[in-house]
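These notes concern the structure reproduced below.
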Amino acid sequence: MYFLLVALSQFVPVLRLGFLFTYVAPLVFVLAITIGKEAIDDFKRYLRDKEANGQKYMRLTTDGLVPIPSSDIKVGQLIQIETNQRVPCDMILLRTTEKSGASFIRTDQLDGETDWKLRRSVTLTQKMQADQELLAVKASIYAEKPKKDIYSFIGTLTQKGGAKPEVEPLSVENTLWANTVVASGTVIGVPIYTGREMRAVMNTSQPSTKVGLIDVELNNLSKILFVLLLVLSIVMTLLRGLRGLWYVYFFRFLLLLSAIIPISLRVSLDMGKTVYSVQMMRDKEIPNTVVRSSTIPEELGRIEYLLSDKTGTLTQNDMVFKKLHLGTVAFTQDTLDELETHLEQSFDPNHVSAGEGKVRRTITTRVKVAITAIALCHNVTPVTEEGQPEPEAPKKHHLADHLHWPHLKDKGKGKGKGKGKGKAESEHQKLLEDDGEYDQESNEYKKSKRISKRRDDDEDDDASDDEDEDAGKAPPRENRPGAQNVTYQASSPDEVALVKFTESVGLALADRTMTSMTLRDPHGALAEYDVLAVFPFTSETKRMGIIVRDKASGEITFYMKGADVVMAKIVADNDWLEEECGNMAREGLRTLVFGRRLMSQEEYQRFQDTYNEAKATIHNRAGNVAQALATIEHGLELVALSGVEDKLQPHVRATLEMLRNAGIKVWMLTGDKIETATCIAISTRLVSRTQSLFTVSGGNQGQIVERLKQFEQMRDACLVIDGSSLQLCLDNFKDIFIRVACKAPSVVCCRCSPTQKAEIVKLIGVTTKKRTCAVGDGGNDVSMIQAAHVGVGLEGKEGKQASLAADFSITQFSFLARLILWHGRNSYKRSARLSQFVIHRGLIISFIQAVFSAIFFFAAISIYNGFLLVGYATIYTMAPVFSLVLDEDVSEHIAMRYPELYHELQKGRALSYKTFFVWVLKSVYQGGAIMLLAIALFESSLNNVVAITFTSLVLCELLNVAFEINTWHRYMVAAEICTVVIYVASMMVPGITSFEISFILSLDFIWKVLVITAVSCLPLYLGGYIKRKLDPPSYTKLQ
């Protein structure tokens, strides 16, 4: 607004100071860049919208399938979607070409998760013989009102026409949300939400624009510059005298000195930030780094609090099965051979071991029950990659990536079992070896008519060597032709790790559909189960369950697994669960409790009726379903406790140690229990060896306050607090909590919800006024990332949701050290130096103008013509000043080796009121020296004074840049030389500079310019040199 008013003032004749373009051109240039950038973004957005709205789909009508653009799709139409086609709106899945009645979808563009999700078609419509029958169906769909939640849906489909309407409950498993992609089969759906009512649109919000601290500081400095402009204008007006049209002269002085507030400051700073962003993304030491917000790269140089997620951030989210506890016996890596033997014996009805006692048989039975529970209680589905395009391949969970016990890969060798192959084994092996194919439509293996050439070439040579030692055993899945492309899909890597574990010890998941599951035992025999009901895991219930029926025996079993805090109330009384959970947590393992309940047909039928009735309700469906489940969620037999380890990210210990040495306080915010979080904090060295742990867990408000006061008296201790205690602190005495916690070198917050994470980040920033950085990898970290001053997202196994929502995206936690200590340092120091030079450039020419007007009787006329004014801020000084974005005050090696240097940046001394006023004084001295010396060396005409002062001014700016450079770059040298050449060449064109050629070529001009430049620059340089020698910066002592 200020620069617009200055430009508009030139249309008033009495205020015009020269050529109109002198004030209008800079404004037009800045606006053109800004508007052009926005126009390009808007045009690209328009093209994307046009492409999306014009995408063709097929609509099912009485005339068959007719094309329809996505923009014309309306609620109630029947839309067909092909494989790998994006869903245009929120729909109910009516039919699919998959014979199982379910299709996979990819949701990475909706929730950021890379795993495929399984969606079920409506039973009433799936059982129809042809798609055209949908047009004759008299049915209605009830859908709840639009909401943001993508993980739940309540609706019903009512089919009329019979004696009694058929009602089928609809849940999120029957939905296809917009922006998801159909991954298998061709589906037909009916739109229920379009436009602004779609889940994806409702969850798309414009995040608040983050403003860097340096921008806030520059805004404050601009206010001071405006006050300085007013003061100078008032003083000049008063010294001239309040006679005549004095207010006109006041405004003319305002316009003459308007360069005090440089219009190029914002443009130069934004261009500099773009350069910093490009340098980060091109850094080969941190590959695949993406800068999604180029407005705050310098904020990385001011971080004082780092708040990190644990799973997938400090750890790899790569689960490794470590321990299995059955109550009386535990199996670890060292005893897995024994576990495998027990399991093999349990599935062999003819096996009788001499001298085997009751205890031995009990352990074998327990092993079978436990491994079977783990192999059945999950939502894992084996899929094949055949026919899927390579770029669209899902996340792969190959066996070789999850087996961390090499000796298991050679299991069976040298044991000399000598058992013959059973019929079931030989048939199944033949099915897989004869170049078997996995058919996605039927979810079954199909035998190919052709024989694998590799099998002919390789198996003949190896058969005789392996026949004896592998007799009676099915070969591992990864060694079977036709099965090497099978991968596992699940919503959690924990589940994949568990299924891989059971496969590694002999009980493998061979096949799964919506209604059945097939296991392959250690002898190759297939065991088939009917899947009667599945109760998925949710963050609220913290457990999942499944009811299956053994097709061979007809036995119905309810399996359930979940967190220990939940399962402890569901399983029968025992004396070992709590203790062993604590032991595993102290080892840093993630625990899951497995339980089972045998159900009679009558008991299952009663539950099924109650459960189906609850699912069909519309109001309070979740509560009714929970009540139905409660009828069977009690008294379960405790069968196993599993421990899974989440491996640490590479170099996480060294990274945290560097950040801690840099003066950054690290907080770990996790949803895990205290024991697990504490163990990870110690193993990652978030808590150093010399620090103690102080835990705040449970109790009322008074007890928690007392514990916090006790911690306040401690020194060098890490604070550990659980979710319930944290919530009490946030609700009742957040000031006390934040005051105490911020004094700790590190804090671990356990059982944190996403809302609590975001609230903590905001509270630290508001209370301490310090810059915060939040780093996470999952969708539950998005709110925390967006609440922090700097958000960093990791592209991990939980998808890209955190990465897409963050300001900076990295692929490893260890990259954070280089991003902060090196790029953050450079971005902040360079931005500060660039801002100071741009401000100085405007101040010095304004002071020259002020001295000139004062000498010539306070005349409100400009000393320089329009071209010189515009050229001074652009072609004559822009390149050298902007080349400061390449300067380095310390080398990369020093910055990374001595992270303690980061302390200086946290104090914000590179751009402060002190440095600002120092540069103001420099401008006053240099501007006054140039003008007064030029007057002292006055020539015969005013034009000569203009030539001398302007040339001295340009040389002075170039020398200022040269004196301030710490590390010369070839572009800096080129900028200095090219600017001098351009200026000298323009001096020779009288029509541009209006200089007298004869005078500027004379020796008189040269020596006067050299004297003025030396007097205006050398004293400041000598003063700075002496200061650096007497009180050198800390980093110079290390170089």
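Quick note on naming: the chains in the structure tokens go A, B, ... in the order shown, residues restart at 1 in each chain, and ligands are numbered from 1 in order of appearance.
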
Mind the document's chain letters and residue numbers, and return as number ranges by chain the residues of stretch 796-1013 of chain A that DSSP labels helix (DSSP H, G or I). A: 801-805, 815-855, 866-873, 878-886, 892-897, 899-906, 913-936, 942-964, 970-987, 990-993, 997-1000, 1003-1013

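Each of A:Tyr529, A:Phe29, A:Phe347, A:Tyr559 was compared to A:Ile374 using only C-alpha atoms, and A:Tyr559 turns out to be the nearest.
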
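Counting only C-alpha atoms, the residue from A:Phe950, A:Trp667, A:Tyr151, A:Phe711 that sits nearest to A:Ser171 is A:Tyr151.
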
Would you pick out the contacts of A:Ser600 at 8 Å or less, using only C-alpha atoms, so that residues sharing its chain but fewer than 2 positions from it are not included, and give the list as a ChimeraX atom specification? /A:555-556,598,602-604

Contacts of A:Val6 within 12 Å, only C-alpha atoms, excl. fewer than 2 positions in-chain, as a PyMOL selection string: chain A and resi 1-4+8-12+15-17+20-27+251-259+261+263

Nearest to A:Gly866, restricted to only C-alpha atoms and choosing among A:Ile839, A:Leu242, A:Thr993, A:Asn583, comes out as A:Thr993

Which polymer residues have any atom within 8 Å of an atom of A:Arg199, counting only C-alpha atoms, with same-chain residues fewer than 3 positions away left out, as a PyMOL selection string? chain A and resi 90+146-150+177-178+202-203

Would you list the contacts of A:Lys273 as a PDB file with all heavy atoms, in the first residue's frame, taking every protein, DNA or RNA residue within 7 Å and counting only C-alpha atoms, but skipping same-chain residues closer than 6 positions in sequence?
```
ATOM      1  N   SER A 294       8.672 -22.775   0.441  1.00  0.00           N
ATOM      2  CA  SER A 294       9.915 -22.029   0.224  1.00  0.00           C
ATOM      3  C   SER A 294       9.899 -20.680   0.932  1.00  0.00           C
ATOM      4  O   SER A 294      10.787 -19.857   0.695  1.00  0.00           O
ATOM      5  CB  SER A 294      10.133 -21.816  -1.276  1.00  0.00           C
ATOM      6  OG  SER A 294       9.057 -21.079  -1.840  1.00  0.00           O
ATOM      7  N   THR A 295       8.925 -20.445   1.809  1.00  0.00           N
ATOM      8  CA  THR A 295       8.837 -19.153   2.484  1.00  0.00           C
ATOM      9  C   THR A 295       9.559 -19.139   3.830  1.00  0.00           C
ATOM     10  O   THR A 295       9.767 -18.077   4.392  1.00  0.00           O
ATOM     11  CB  THR A 295       7.365 -18.766   2.715  1.00  0.00           C
ATOM     12  OG1 THR A 295       6.729 -19.782   3.507  1.00  0.00           O
ATOM     13  CG2 THR A 295       6.644 -18.628   1.386  1.00  0.00           C
ATOM     14  N   PRO A 297      12.661 -21.224   4.770  1.00  0.00           N
ATOM     15  CA  PRO A 297      13.871 -22.049   4.927  1.00  0.00           C
ATOM     16  C   PRO A 297      14.800 -21.533   6.016  1.00  0.00           C
ATOM     17  O   PRO A 297      15.500 -22.316   6.665  1.00  0.00           O
ATOM     18  CB  PRO A 297      14.532 -21.976   3.545  1.00  0.00           C
ATOM     19  CG  PRO A 297      14.014 -20.717   2.948  1.00  0.00           C
ATOM     20  CD  PRO A 297      12.618 -20.574   3.447  1.00  0.00           C
TER      21      PRO A 297
END
```

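Of the listed residues A:Leu1022, A:Leu834, A:Ala717, A:Ala962, the one whose atoms come nearest to A:Leu265 is A:Leu834, with distances taken using only C-alpha atoms.
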
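Distances to A:Arg818 were evaluated for A:Val248, A:Met658, A:Ala7, A:Ala130 using only C-alpha atoms, and the minimum falls at A:Met658.
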
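Distance annotation: of A:Phe852, A:Leu307, A:Asp1004, A:Ser724, the residue with the minimal separation from A:Thr949 is A:Phe852; atom set is only C-alpha atoms.
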